[in-house]
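Enquirer: My structure file run.cif, mmCIF, C-alpha atoms, is below:
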```cif
data_upload
#
loop_
_atom_site.label_atom_id
_atom_site.label_comp_id
_atom_site.auth_asym_id
_atom_site.auth_seq_id
_atom_site.Cartn_x
_atom_site.Cartn_y
_atom_site.Cartn_z
CA MET B 1 -162.72 -86.69 -124.12
CA SER B 2 -160.62 -84.33 -126.20
CA SER B 3 -161.52 -83.50 -129.77
CA LEU B 4 -159.20 -83.71 -132.74
CA ASP B 5 -159.01 -79.96 -133.19
CA GLU B 6 -157.78 -79.51 -129.61
CA HIS B 7 -154.39 -80.95 -130.54
CA PRO B 8 -151.52 -78.51 -131.26
CA ALA B 9 -150.96 -77.64 -134.90
CA GLY B 10 -148.67 -80.15 -136.55
CA ASP B 11 -149.47 -82.96 -134.09
CA PRO B 12 -150.28 -86.03 -136.25
CA ALA B 13 -153.04 -86.93 -133.79
CA GLU B 14 -155.15 -84.10 -135.17
CA ARG B 15 -155.36 -85.85 -138.56
CA VAL B 16 -157.10 -89.15 -139.22
CA LEU B 17 -156.76 -90.96 -142.53
CA LEU B 18 -159.64 -93.28 -143.33
CA HIS B 19 -158.44 -95.64 -146.05
CA GLY B 20 -159.34 -98.97 -147.60
CA LEU B 21 -162.80 -97.68 -148.42
CA ARG B 22 -165.14 -97.29 -151.37
CA LEU B 23 -166.08 -93.63 -151.76
CA ILE B 24 -169.43 -92.30 -152.98
CA ASP B 25 -168.90 -88.56 -152.67
CA GLY B 26 -172.40 -87.11 -153.30
CA THR B 27 -171.51 -85.32 -156.53
CA GLY B 28 -172.91 -88.02 -158.79
CA ARG B 29 -169.46 -89.10 -159.95
CA ALA B 30 -168.70 -92.81 -160.15
CA PRO B 31 -167.63 -94.47 -156.89
CA VAL B 32 -163.92 -94.48 -156.11
CA PRO B 33 -162.58 -97.88 -155.08
CA ASP B 34 -159.52 -98.08 -152.82
CA ALA B 35 -160.19 -94.53 -151.69
CA ALA B 36 -159.08 -92.46 -148.71
CA LEU B 37 -160.41 -89.54 -146.70
CA LEU B 38 -158.12 -87.30 -144.68
CA ILE B 39 -159.96 -85.64 -141.79
CA GLU B 40 -158.42 -82.79 -139.83
CA GLY B 41 -160.53 -81.69 -136.91
CA GLU B 42 -164.00 -81.02 -138.29
CA VAL B 43 -163.01 -80.78 -141.95
CA ILE B 44 -162.11 -83.04 -144.86
CA ARG B 45 -158.65 -82.12 -146.13
CA TRP B 46 -158.45 -84.63 -148.97
CA ALA B 47 -160.67 -87.20 -150.65
CA GLY B 48 -159.93 -89.51 -153.56
CA PRO B 49 -157.96 -92.58 -154.62
CA GLU B 50 -155.58 -93.63 -151.89
CA ALA B 51 -152.79 -93.99 -154.44
CA GLY B 52 -153.13 -90.30 -155.22
CA LEU B 53 -152.81 -89.07 -151.64
CA PRO B 54 -150.20 -86.26 -151.71
CA ALA B 55 -147.25 -86.85 -149.39
CA ALA B 56 -147.23 -83.12 -148.65
CA LEU B 57 -150.40 -83.51 -146.57
CA GLY B 58 -148.23 -84.86 -143.78
CA PRO B 59 -148.63 -87.65 -141.22
CA ALA B 60 -151.95 -88.87 -139.87
CA ARG B 61 -153.37 -91.67 -137.78
CA ARG B 62 -154.53 -94.39 -140.16
CA LEU B 63 -157.73 -96.42 -139.99
CA ASP B 64 -158.47 -99.19 -142.50
CA LEU B 65 -162.22 -99.54 -143.23
CA GLY B 66 -161.77 -102.92 -144.91
CA GLY B 67 -163.46 -102.04 -148.20
CA ARG B 68 -166.66 -100.67 -146.67
CA THR B 69 -168.57 -97.92 -148.48
CA VAL B 70 -168.51 -94.33 -147.23
CA CYS B 71 -171.19 -91.83 -148.28
CA PRO B 72 -171.76 -88.23 -147.25
CA GLY B 73 -173.94 -87.72 -144.21
CA PHE B 74 -177.50 -87.62 -145.53
CA ILE B 75 -179.79 -84.58 -145.49
CA ASP B 76 -183.52 -84.68 -144.80
CA THR B 77 -185.01 -81.44 -146.07
CA HIS B 78 -188.48 -81.94 -144.52
CA VAL B 79 -188.87 -83.13 -140.93
CA HIS B 80 -190.96 -82.20 -137.88
CA PHE B 81 -189.06 -83.01 -134.72
CA ALA B 82 -191.78 -81.48 -132.54
CA LEU B 83 -194.24 -84.14 -133.73
CA PRO B 84 -194.22 -87.69 -132.33
CA GLY B 85 -194.88 -89.79 -135.42
CA PRO B 86 -196.97 -92.94 -135.01
CA ALA B 87 -195.69 -93.34 -131.44
CA GLY B 88 -198.12 -90.68 -130.24
CA ASN B 89 -200.76 -88.12 -131.11
CA PRO B 90 -199.73 -84.51 -131.79
CA LEU B 91 -202.56 -83.32 -129.57
CA GLN B 92 -200.75 -84.88 -126.62
CA GLY B 93 -198.80 -81.67 -126.51
CA LEU B 94 -201.89 -79.78 -125.38
CA GLY B 95 -201.51 -81.38 -121.96
CA GLU B 96 -197.72 -81.16 -121.67
CA LEU B 97 -195.38 -78.49 -120.43
CA PRO B 98 -193.13 -77.01 -123.12
CA THR B 99 -190.08 -78.22 -121.19
CA TYR B 100 -191.32 -81.81 -121.29
CA ARG B 101 -192.05 -81.57 -125.01
CA ALA B 102 -188.56 -80.20 -125.56
CA LEU B 103 -186.97 -83.14 -123.78
CA LYS B 104 -188.84 -85.56 -126.02
CA VAL B 105 -187.42 -83.74 -129.03
CA LEU B 106 -183.89 -84.55 -127.87
CA ASP B 107 -184.38 -88.28 -128.34
CA ARG B 108 -185.80 -87.73 -131.83
CA LEU B 109 -182.77 -85.67 -132.79
CA ARG B 110 -180.38 -88.31 -131.48
CA VAL B 111 -182.00 -91.29 -133.22
CA THR B 112 -182.21 -89.38 -136.52
CA LEU B 113 -178.51 -88.58 -136.42
CA GLU B 114 -177.49 -92.10 -135.41
CA ASN B 115 -179.41 -93.54 -138.35
CA GLY B 116 -177.50 -91.54 -140.96
CA VAL B 117 -178.96 -88.01 -141.20
CA THR B 118 -176.31 -85.42 -140.34
CA THR B 119 -178.30 -82.37 -141.51
CA ALA B 120 -182.06 -81.85 -141.22
CA ARG B 121 -184.43 -79.02 -142.09
CA ASP B 122 -187.27 -78.75 -139.59
CA LEU B 123 -190.24 -77.23 -141.43
CA MET B 124 -192.40 -76.28 -138.46
CA GLY B 125 -192.05 -76.85 -134.78
CA LEU B 126 -188.53 -76.17 -133.54
CA ASP B 127 -187.17 -72.76 -132.68
CA ALA B 128 -183.60 -71.58 -133.18
CA GLY B 129 -182.60 -72.60 -129.66
CA PHE B 130 -182.50 -76.25 -130.71
CA ARG B 131 -180.25 -75.34 -133.63
CA GLN B 132 -177.92 -73.46 -131.29
CA ALA B 133 -177.77 -76.32 -128.78
CA VAL B 134 -176.83 -78.80 -131.51
CA ALA B 135 -174.26 -76.43 -133.03
CA GLU B 136 -172.62 -75.97 -129.62
CA ARG B 137 -172.64 -79.76 -129.09
CA ARG B 138 -174.73 -79.49 -125.96
CA ILE B 139 -177.05 -82.14 -127.40
CA PRO B 140 -176.49 -84.71 -130.18
CA GLY B 141 -178.43 -84.21 -133.37
CA PRO B 142 -178.20 -83.38 -137.04
CA ARG B 143 -177.06 -79.93 -138.09
CA LEU B 144 -180.36 -78.09 -137.91
CA LEU B 145 -182.08 -75.61 -140.18
CA VAL B 146 -185.41 -74.33 -138.89
CA SER B 147 -188.43 -72.56 -140.35
CA VAL B 148 -189.78 -72.08 -136.78
CA THR B 149 -193.41 -72.20 -137.95
CA MET B 150 -195.55 -72.50 -141.08
CA LEU B 151 -197.55 -69.60 -142.48
CA SER B 152 -201.06 -69.85 -143.89
CA GLN B 153 -204.31 -67.92 -143.96
CA ARG B 154 -207.16 -68.47 -141.49
CA ALA B 155 -208.85 -71.77 -142.38
CA GLY B 156 -205.64 -72.83 -144.10
CA HIS B 157 -203.15 -75.61 -143.48
CA ALA B 158 -201.58 -73.86 -140.48
CA ASP B 159 -204.96 -73.29 -138.81
CA PHE B 160 -205.56 -76.04 -136.28
CA THR B 161 -207.95 -73.99 -134.16
CA LEU B 162 -210.20 -76.43 -132.36
CA ALA B 163 -213.94 -76.02 -131.98
CA GLY B 164 -213.49 -74.62 -128.47
CA GLY B 165 -211.15 -71.91 -129.74
CA ILE B 166 -207.83 -73.49 -128.69
CA ASP B 167 -204.98 -73.08 -131.20
CA GLY B 168 -203.76 -76.67 -131.40
CA LEU B 169 -200.75 -75.83 -133.57
CA ALA B 170 -199.40 -73.20 -131.22
CA LEU B 171 -199.91 -75.24 -128.06
CA ALA B 172 -199.08 -78.74 -129.25
CA VAL B 173 -196.32 -78.27 -131.82
CA THR B 174 -194.46 -74.97 -131.66
CA PHE B 175 -192.80 -73.52 -128.60
CA PRO B 176 -193.58 -70.35 -126.58
CA GLU B 177 -192.83 -67.04 -128.25
CA SER B 178 -192.84 -68.53 -131.76
CA PRO B 179 -194.16 -66.03 -134.31
CA ARG B 180 -197.85 -66.54 -135.04
CA SER B 181 -198.63 -68.64 -138.07
CA LEU B 182 -201.87 -67.17 -139.44
CA VAL B 183 -201.59 -64.37 -141.99
CA GLY B 184 -204.40 -62.07 -143.12
CA SER B 185 -203.01 -59.77 -145.79
CA VAL B 186 -200.00 -58.92 -147.94
CA ASP B 187 -198.73 -56.45 -145.35
CA ASP B 188 -199.28 -59.00 -142.63
CA MET B 189 -197.24 -61.53 -144.64
CA ARG B 190 -194.33 -59.13 -144.90
CA ALA B 191 -194.45 -58.58 -141.14
CA ARG B 192 -194.62 -62.32 -140.39
CA VAL B 193 -191.60 -63.09 -142.57
CA ARG B 194 -189.68 -60.35 -140.77
CA ASP B 195 -190.74 -61.86 -137.46
CA LEU B 196 -189.33 -65.19 -138.61
CA VAL B 197 -186.06 -63.57 -139.63
CA ALA B 198 -185.84 -61.96 -136.20
CA ALA B 199 -186.57 -65.34 -134.59
CA GLY B 200 -183.59 -66.86 -136.41
CA ALA B 201 -185.36 -68.82 -139.15
CA ASP B 202 -183.15 -70.37 -141.83
CA CYS B 203 -186.01 -70.65 -144.30
CA VAL B 204 -189.67 -69.68 -144.72
CA LYS B 205 -192.41 -72.32 -144.84
CA LEU B 206 -195.68 -71.41 -146.56
CA ALA B 207 -198.87 -73.40 -147.04
CA THR B 208 -200.03 -72.57 -150.56
CA SER B 209 -202.59 -75.35 -150.64
CA GLY B 210 -204.81 -77.08 -148.16
CA GLY B 211 -203.61 -80.22 -146.44
CA VAL B 212 -204.49 -83.74 -145.43
CA THR B 213 -204.34 -83.30 -141.65
CA SER B 214 -205.62 -79.73 -141.34
CA PRO B 215 -209.27 -79.55 -140.25
CA HIS B 216 -210.58 -76.56 -142.23
CA ASP B 217 -209.41 -77.10 -145.81
CA ARG B 218 -208.69 -79.62 -148.54
CA PRO B 219 -205.52 -80.26 -150.57
CA GLU B 220 -207.16 -79.22 -153.85
CA TRP B 221 -208.00 -75.76 -152.49
CA LEU B 222 -205.76 -72.76 -152.99
CA GLY B 223 -204.16 -71.76 -149.72
CA LEU B 224 -202.26 -68.50 -149.50
CA ARG B 225 -203.21 -66.20 -152.34
CA PRO B 226 -200.63 -65.51 -155.07
CA GLU B 227 -199.98 -61.93 -154.00
CA MET B 228 -199.23 -63.10 -150.45
CA ILE B 229 -196.84 -65.79 -151.69
CA ARG B 230 -195.03 -63.24 -153.86
CA ALA B 231 -194.68 -60.93 -150.87
CA ALA B 232 -193.16 -63.73 -148.78
CA VAL B 233 -190.69 -64.63 -151.52
CA GLU B 234 -189.72 -60.98 -151.96
CA GLU B 235 -189.13 -60.51 -148.23
CA ALA B 236 -187.15 -63.75 -147.97
CA GLN B 237 -185.01 -62.69 -150.89
CA ALA B 238 -184.35 -59.33 -149.29
CA TYR B 239 -183.12 -61.03 -146.11
CA GLY B 240 -180.16 -62.81 -147.61
CA GLY B 241 -182.08 -64.99 -150.03
CA LEU B 242 -183.70 -67.30 -147.49
CA PRO B 243 -185.16 -70.38 -149.20
CA VAL B 244 -188.97 -70.50 -149.33
CA ALA B 245 -190.57 -73.94 -149.02
CA ALA B 246 -194.18 -74.29 -150.10
CA HIS B 247 -196.46 -77.02 -148.78
CA ALA B 248 -198.40 -77.56 -152.00
CA ILE B 249 -200.47 -80.65 -152.80
CA GLY B 250 -203.26 -79.63 -155.21
CA ARG B 251 -202.68 -77.91 -158.53
CA PRO B 252 -203.88 -74.37 -157.60
CA GLY B 253 -201.46 -74.23 -154.68
CA ILE B 254 -198.59 -75.64 -156.71
CA GLU B 255 -199.21 -73.23 -159.59
CA ALA B 256 -199.32 -70.18 -157.31
CA ALA B 257 -196.12 -71.22 -155.52
CA VAL B 258 -194.16 -72.09 -158.66
CA ARG B 259 -195.03 -68.81 -160.37
CA ALA B 260 -194.26 -66.79 -157.26
CA GLY B 261 -190.72 -68.17 -157.33
CA VAL B 262 -190.49 -70.40 -154.25
CA SER B 263 -187.36 -72.52 -153.79
CA SER B 264 -189.14 -75.84 -153.32
CA ILE B 265 -192.50 -77.50 -153.66
CA GLU B 266 -193.09 -79.82 -150.73
CA HIS B 267 -195.21 -82.84 -151.73
CA GLY B 268 -196.31 -81.59 -155.17
CA TYR B 269 -198.74 -84.43 -155.69
CA ALA B 270 -200.90 -82.81 -158.39
CA LEU B 271 -198.08 -81.55 -160.60
CA ASP B 272 -198.92 -81.64 -164.31
CA ASP B 273 -196.66 -81.44 -167.33
CA GLU B 274 -197.03 -77.67 -167.70
CA LEU B 275 -195.94 -77.00 -164.11
CA ARG B 276 -193.21 -79.63 -164.26
CA ALA B 277 -191.70 -77.83 -167.25
CA GLU B 278 -191.86 -74.52 -165.40
CA MET B 279 -190.19 -75.97 -162.32
CA ALA B 280 -187.43 -77.53 -164.42
CA ASP B 281 -186.83 -74.21 -166.22
CA ARG B 282 -186.72 -72.28 -162.95
CA GLY B 283 -184.52 -74.82 -161.19
CA GLN B 284 -187.06 -75.28 -158.41
CA PHE B 285 -186.88 -78.39 -156.27
CA LEU B 286 -189.54 -80.98 -155.57
CA VAL B 287 -189.48 -82.65 -152.15
CA PRO B 288 -191.89 -85.57 -152.73
CA THR B 289 -192.03 -87.01 -149.15
CA LEU B 290 -192.81 -90.48 -150.47
CA LEU B 291 -192.26 -92.21 -147.15
CA GLU B 292 -195.29 -90.41 -145.77
CA THR B 293 -197.43 -91.74 -148.62
CA THR B 294 -196.53 -95.38 -147.94
CA GLN B 295 -197.64 -95.46 -144.30
CA ASP B 296 -200.79 -97.37 -143.42
CA LEU B 297 -203.38 -94.86 -142.33
CA ASP B 298 -205.04 -95.61 -139.00
CA PRO B 299 -208.65 -94.37 -138.83
CA ALA B 300 -208.40 -94.52 -135.04
CA ARG B 301 -205.65 -91.89 -135.00
CA THR B 302 -207.20 -89.40 -137.41
CA SER B 303 -210.49 -87.82 -138.32
CA PRO B 304 -212.69 -89.38 -141.03
CA SER B 305 -211.97 -86.38 -143.24
CA ALA B 306 -208.19 -86.69 -142.86
CA TYR B 307 -208.36 -90.44 -143.49
CA GLU B 308 -210.31 -89.96 -146.71
CA LYS B 309 -207.98 -87.22 -147.90
CA GLY B 310 -204.91 -89.30 -147.10
CA VAL B 311 -206.06 -92.38 -149.01
CA ARG B 312 -206.87 -90.36 -152.10
CA TRP B 313 -203.87 -88.05 -152.19
CA HIS B 314 -201.23 -90.60 -151.31
CA ARG B 315 -202.31 -92.61 -154.35
CA ILE B 316 -202.07 -89.50 -156.54
CA ALA B 317 -198.61 -88.77 -155.12
CA GLN B 318 -197.21 -92.14 -156.08
CA GLU B 319 -198.68 -91.93 -159.58
CA SER B 320 -197.21 -88.46 -160.15
CA VAL B 321 -193.66 -88.40 -158.86
CA ALA B 322 -191.98 -90.51 -161.57
CA ARG B 323 -193.34 -88.18 -164.25
CA SER B 324 -191.93 -85.21 -162.34
CA ALA B 325 -188.50 -86.79 -162.09
CA SER B 326 -188.45 -87.82 -165.77
CA ALA B 327 -189.44 -84.25 -166.73
CA GLY B 328 -186.21 -82.96 -165.24
CA VAL B 329 -187.58 -81.51 -162.01
CA ARG B 330 -184.81 -81.39 -159.41
CA ILE B 331 -185.52 -83.73 -156.49
CA ALA B 332 -184.37 -83.35 -152.89
CA MET B 333 -184.99 -85.93 -150.19
CA GLY B 334 -187.54 -85.16 -147.50
CA THR B 335 -189.64 -87.51 -145.39
CA ASP B 336 -192.18 -85.50 -143.36
CA SER B 337 -190.97 -87.50 -140.36
CA GLY B 338 -193.03 -86.75 -137.29
CA LEU B 339 -196.45 -87.19 -138.87
CA ALA B 340 -197.19 -90.79 -139.88
CA VAL B 341 -193.47 -91.50 -140.24
CA GLY B 342 -191.48 -92.35 -137.11
CA HIS B 343 -188.21 -90.55 -136.43
CA GLY B 344 -185.03 -92.35 -137.41
CA HIS B 345 -186.44 -94.12 -140.48
CA ASN B 346 -185.49 -91.28 -142.83
CA LEU B 347 -183.23 -93.26 -145.15
CA GLN B 348 -186.10 -95.51 -146.18
CA GLU B 349 -186.96 -92.62 -148.49
CA LEU B 350 -183.91 -93.47 -150.62
CA GLY B 351 -185.33 -96.81 -151.67
CA LEU B 352 -188.67 -95.20 -152.50
CA LEU B 353 -187.01 -92.57 -154.68
CA VAL B 354 -185.72 -95.49 -156.75
CA LYS B 355 -188.76 -97.79 -156.56
CA ILE B 356 -191.53 -95.18 -156.98
CA ALA B 357 -189.88 -92.07 -158.45
CA GLY B 358 -187.70 -94.04 -160.85
CA LEU B 359 -184.41 -92.41 -159.89
CA SER B 360 -181.21 -94.35 -160.27
CA PRO B 361 -179.60 -95.25 -156.93
CA MET B 362 -176.86 -92.69 -157.55
CA ALA B 363 -179.43 -89.98 -158.34
CA ALA B 364 -181.29 -90.84 -155.13
CA ILE B 365 -178.06 -90.45 -153.14
CA VAL B 366 -177.39 -87.08 -154.78
CA ALA B 367 -180.96 -86.01 -153.97
CA ALA B 368 -180.20 -86.72 -150.32
CA THR B 369 -176.72 -85.21 -150.24
CA GLY B 370 -175.37 -82.71 -152.77
CA ASP B 371 -178.71 -81.51 -154.15
CA ALA B 372 -180.36 -81.44 -150.72
CA ALA B 373 -177.49 -79.26 -149.50
CA ARG B 374 -178.00 -76.90 -152.45
CA LEU B 375 -181.71 -76.55 -151.68
CA CYS B 376 -180.96 -75.79 -148.03
CA GLY B 377 -178.19 -73.32 -148.85
CA VAL B 378 -175.49 -75.30 -147.03
CA ASP B 379 -173.67 -76.75 -150.05
CA GLU B 380 -170.50 -74.85 -149.20
CA VAL B 381 -170.46 -76.63 -145.83
CA THR B 382 -171.74 -80.15 -146.40
CA GLY B 383 -173.47 -82.49 -148.85
CA THR B 384 -170.38 -83.88 -150.59
CA LEU B 385 -167.16 -85.52 -149.44
CA GLU B 386 -164.67 -83.04 -150.84
CA ALA B 387 -161.76 -81.08 -149.46
CA GLY B 388 -162.90 -78.14 -147.38
CA LYS B 389 -166.32 -79.60 -146.52
CA ALA B 390 -167.41 -80.72 -143.07
CA ALA B 391 -166.44 -84.29 -142.19
CA ASP B 392 -170.04 -85.56 -142.26
CA LEU B 393 -170.10 -89.17 -143.37
CA VAL B 394 -171.84 -92.54 -143.13
CA VAL B 395 -170.07 -95.92 -143.19
CA THR B 396 -172.15 -98.85 -144.47
CA ASP B 397 -171.59 -102.53 -145.14
CA VAL B 398 -173.83 -102.58 -148.24
CA ASP B 399 -173.35 -101.32 -151.77
CA PRO B 400 -175.98 -98.57 -152.05
CA LEU B 401 -175.83 -98.70 -155.83
CA SER B 402 -177.08 -102.29 -155.88
CA ASP B 403 -179.14 -102.38 -152.67
CA ILE B 404 -180.06 -98.82 -151.74
CA ALA B 405 -183.14 -99.87 -149.76
CA SER B 406 -180.86 -101.49 -147.18
CA LEU B 407 -179.70 -98.04 -146.04
CA GLY B 408 -183.14 -97.68 -144.46
CA ASP B 409 -182.19 -100.42 -141.97
CA PRO B 410 -180.07 -98.98 -139.13
CA ALA B 411 -178.22 -102.30 -138.87
CA HIS B 412 -176.45 -101.35 -142.12
CA ILE B 413 -175.49 -97.88 -140.89
CA LEU B 414 -172.30 -99.04 -139.21
CA ALA B 415 -171.05 -95.61 -138.22
CA VAL B 416 -172.00 -91.96 -138.50
CA VAL B 417 -169.52 -89.09 -138.23
CA LYS B 418 -170.61 -85.48 -137.99
CA GLU B 419 -168.05 -82.67 -138.16
CA GLY B 420 -165.24 -85.14 -137.56
CA ARG B 421 -166.81 -86.61 -134.43
CA ILE B 422 -168.37 -90.01 -133.96
CA ALA B 423 -172.14 -89.92 -133.52
CA VAL B 424 -172.47 -93.71 -133.47
CA ASP B 425 -170.15 -96.64 -134.20
CA ARG B 426 -172.33 -99.74 -134.08
CA ALA B 427 -169.74 -102.17 -135.37
CA GLY B 428 -166.61 -100.60 -133.89
CA VAL B 429 -165.28 -99.87 -137.38
CA LEU B 430 -163.77 -96.52 -136.41
CA GLY B 431 -161.76 -97.79 -133.48
CA ALA B 432 -161.80 -96.54 -129.91
CA GLY B 433 -160.09 -93.21 -129.49
CA VAL B 434 -159.36 -92.62 -133.16
CA LEU B 435 -162.07 -90.04 -133.57
CA SER B 436 -163.58 -88.14 -130.67
CA ALA B 437 -167.18 -88.48 -129.53
CA LEU B 438 -169.76 -86.02 -130.83
CA CYS B 439 -170.70 -84.56 -127.45
CA PRO B 440 -168.64 -84.42 -124.26
#
```
As structure tokens, what does this structure read like?
Expert:
Amino acid sequence: MSSLDEHPAGDPAERVLLHGLRLIDGTGRAPVPDAALLIEGEVIRWAGPEAGLPAALGPARRLDLGGRTVCPGFIDTHVHFALPGPAGNPLQGLGELPTYRALKVLDRLRVTLENGVTTARDLMGLDAGFRQAVAERRIPGPRLLVSVTMLSQRAGHADFTLAGGIDGLALAVTFPESPRSLVGSVDDMRARVRDLVAAGADCVKLATSGGVTSPHDRPEWLGLRPEMIRAAVEEAQAYGGLPVAAHAIGRPGIEAAVRAGVSSIEHGYALDDELRAEMADRGQFLVPTLLETTQDLDPARTSPSAYEKGVRWHRIAQESVARSASAGVRIAMGTDSGLAVGHGHNLQELGLLVKIAGLSPMAAIVAATGDAARLCGVDEVTGTLEAGKAADLVVTDVDPLSDIASLGDPAHILAVVKEGRIAVDRAGVLGAGVLSALCP
């Protein structure tokens, strides 16, 4: 099947005008009724009220969306495609060939895209080869950003060494030749960040506190020491200003990460007013991963220690996040999909940002579109439906501003378009042959 940008210049078939739609553009501006989007190849050429469409833009194939709402493709800034979610146990990977694990990842990428996420940041597990395969349209999936692995000290959140000496993280989650995740000194940290840059990482993931699932630490413990975090941030800045994401649950880990200048605090459960004010002043993002905190913990699938930690810290998370949002901390959507959260349910986070964090529905949408793109450093490419941006969009039959939780139900994600190509069209709203398929 040919793509739109394979048509000769000037051929009206290379332009598609979506009209008769309600536009929520991801900037936070009020919705535009009776709007239109002009797509040329992979890019949006015009967006706004249909009555204002300039005649000079030329002819296009027209498609009436019958008043349905169009939003930007959503962005999940914290996923783990190498992990199976509740459908399996991460330690399954210990007995599987890397090729088999890779093939399972493909289905997770596909279902995530088809349920409304057109860009995703994988914060441990995938290497840059997956990103390349998606970018070349060899496999369907969200536009990928990868951290490759997560860095921590020995006995930190990235240390899943089992009692028999097997490195569970390296064998069950990451792929062969991934840079090692354990860091022993400031100089070692600088070397590890450079290894990640060489491996094609789009961002750096640090564990500045202990974690719920890790076997050797606790969330309230300081993870990487402040001087090591500062070294990582300095190296990331030197290599083009790569964003640094800090897994930080307890206060010591949050404090060290905030003051070292990381780009985002992932989880941030024990934030207090002092640190909230600092984050707001610095413009640092909080990725609260609320969906993870709402999952029923299964003692049969986790250790007694992890179960106890999860019950306690998930309660703290839900009590804390509204105060962070009201203090002016910038919020970006992330779900931690792959742990307790199954892949493809990402947009359930939107309803939780409203219900638990107290965001308005429009603010929740911005957290998952324009602001998420800014955190990931892709805001010049995607995140809003504006001229010059990638044609990444979601068509829904609900009004997200009055029923945002319904976006978490795939039945209401009627169609997903990524880079001007149809990823899924459940209700046939885009019409056969009007837009090309995502992958040949």
Enquirer: Translate the PyMOL selection byres ((chain B and resi 248) around 6) into a concrete residue list for this structure, as a list in words.
Expert: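 This file gives the following for the PyMOL selection byres ((chain B and resi 248) around 6): Thr208, Ser209, Ala246, His247, Ile249, Gly253, Ile254, Glu266 and Gly268 of chain B.
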Enquirer: Might you spell out which residues the PyMOL selection byres ((chain B and resi 69-73) around 9) would select in the displayed file, as a ChimeraX atom specification?
Expert: /B:21-26,33,65,67-68,74-75,116-119,365,368-370,382-385,391-400,416-418
Enquirer: Here is a test: counting all atoms listed in the file, which residue of B:Asn115, B:Thr161, B:Ser360, B:Gln132 is nearest to Leu145 (chain B)?
Expert: B:Gln132
Enquirer: Could you expand the PyMOL selection byres ((chain B and resi 428) around 12) into the explicit residues it covers here, written as a list in words?
Expert: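 Applied to this file, the PyMOL selection byres ((chain B and resi 428) around 12) returns Leu63, Asp64, Leu65, Val395, Ile413, Leu414, Ala415, Val416, Ile422, Val424, Asp425, Arg426, Ala427, Val429, Leu430, Gly431, Ala432, Gly433, Val434 and Leu435 of chain B.
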Enquirer: Could the residues in this selection be saved with C-alpha atoms as a JSON list (two decimals), keeping the file's coordinate frame?
Expert:
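Written file, again_33.json:
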```
[["chain", "number", "residue", "atom", "x", "y", "z"],
["B", 63, "LEU", "CA", -157.73, -96.42, -139.99],
["B", 64, "ASP", "CA", -158.47, -99.19, -142.50],
["B", 65, "LEU", "CA", -162.22, -99.54, -143.23],
["B", 395, "VAL", "CA", -170.07, -95.92, -143.19],
["B", 413, "ILE", "CA", -175.49, -97.88, -140.89],
["B", 414, "LEU", "CA", -172.30, -99.04, -139.21],
["B", 415, "ALA", "CA", -171.05, -95.61, -138.22],
["B", 416, "VAL", "CA", -172.00, -91.96, -138.50],
["B", 422, "ILE", "CA", -168.37, -90.01, -133.96],
["B", 424, "VAL", "CA", -172.47, -93.71, -133.47],
["B", 425, "ASP", "CA", -170.15, -96.64, -134.20],
["B", 426, "ARG", "CA", -172.33, -99.74, -134.08],
["B", 427, "ALA", "CA", -169.74, -102.17, -135.37],
["B", 429, "VAL", "CA", -165.28, -99.87, -137.38],
["B", 430, "LEU", "CA", -163.77, -96.52, -136.41],
["B", 431, "GLY", "CA", -161.76, -97.79, -133.48],
["B", 432, "ALA", "CA", -161.80, -96.54, -129.91],
["B", 433, "GLY", "CA", -160.09, -93.21, -129.49],
["B", 434, "VAL", "CA", -159.36, -92.62, -133.16],
["B", 435, "LEU", "CA", -162.07, -90.04, -133.57]]
```
Enquirer: For the atom pair CA of Gly240 (chain B) and CA of Ser263 (chain B), what is the interatomic distance in Å to one decimal place?
Expert: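 Computing the Euclidean distance for CA of Gly240 (chain B) and CA of Ser263 (chain B) yields 13.6 Å.
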Enquirer: Please, what distance in Å, to one decimal, runs between CA of Pro304 (chain B) and CA of Asp167 (chain B)?
Expert: 20.5 Å
Enquirer: Which one is closest to Val79 (chain B): B:Met228, B:Leu286, B:Ala325, B:Leu126? Count all atoms listed in the file.
Expert: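 Closest candidate: B:Leu126.
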Enquirer: May I ask for the distance between CA of Gly338 (chain B) and CA of Glu292 (chain B), given in Å to one decimal place?
Expert: 9.5 Å
Enquirer: Looking at only C-alpha atoms, which of B:Gly310, B:Gly156, B:Gly28, B:Pro288 is the one that sits closest to His216 (chain B)?
Expert: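 That would be B:Gly156, the residue with the smallest distance to His216 (chain B).
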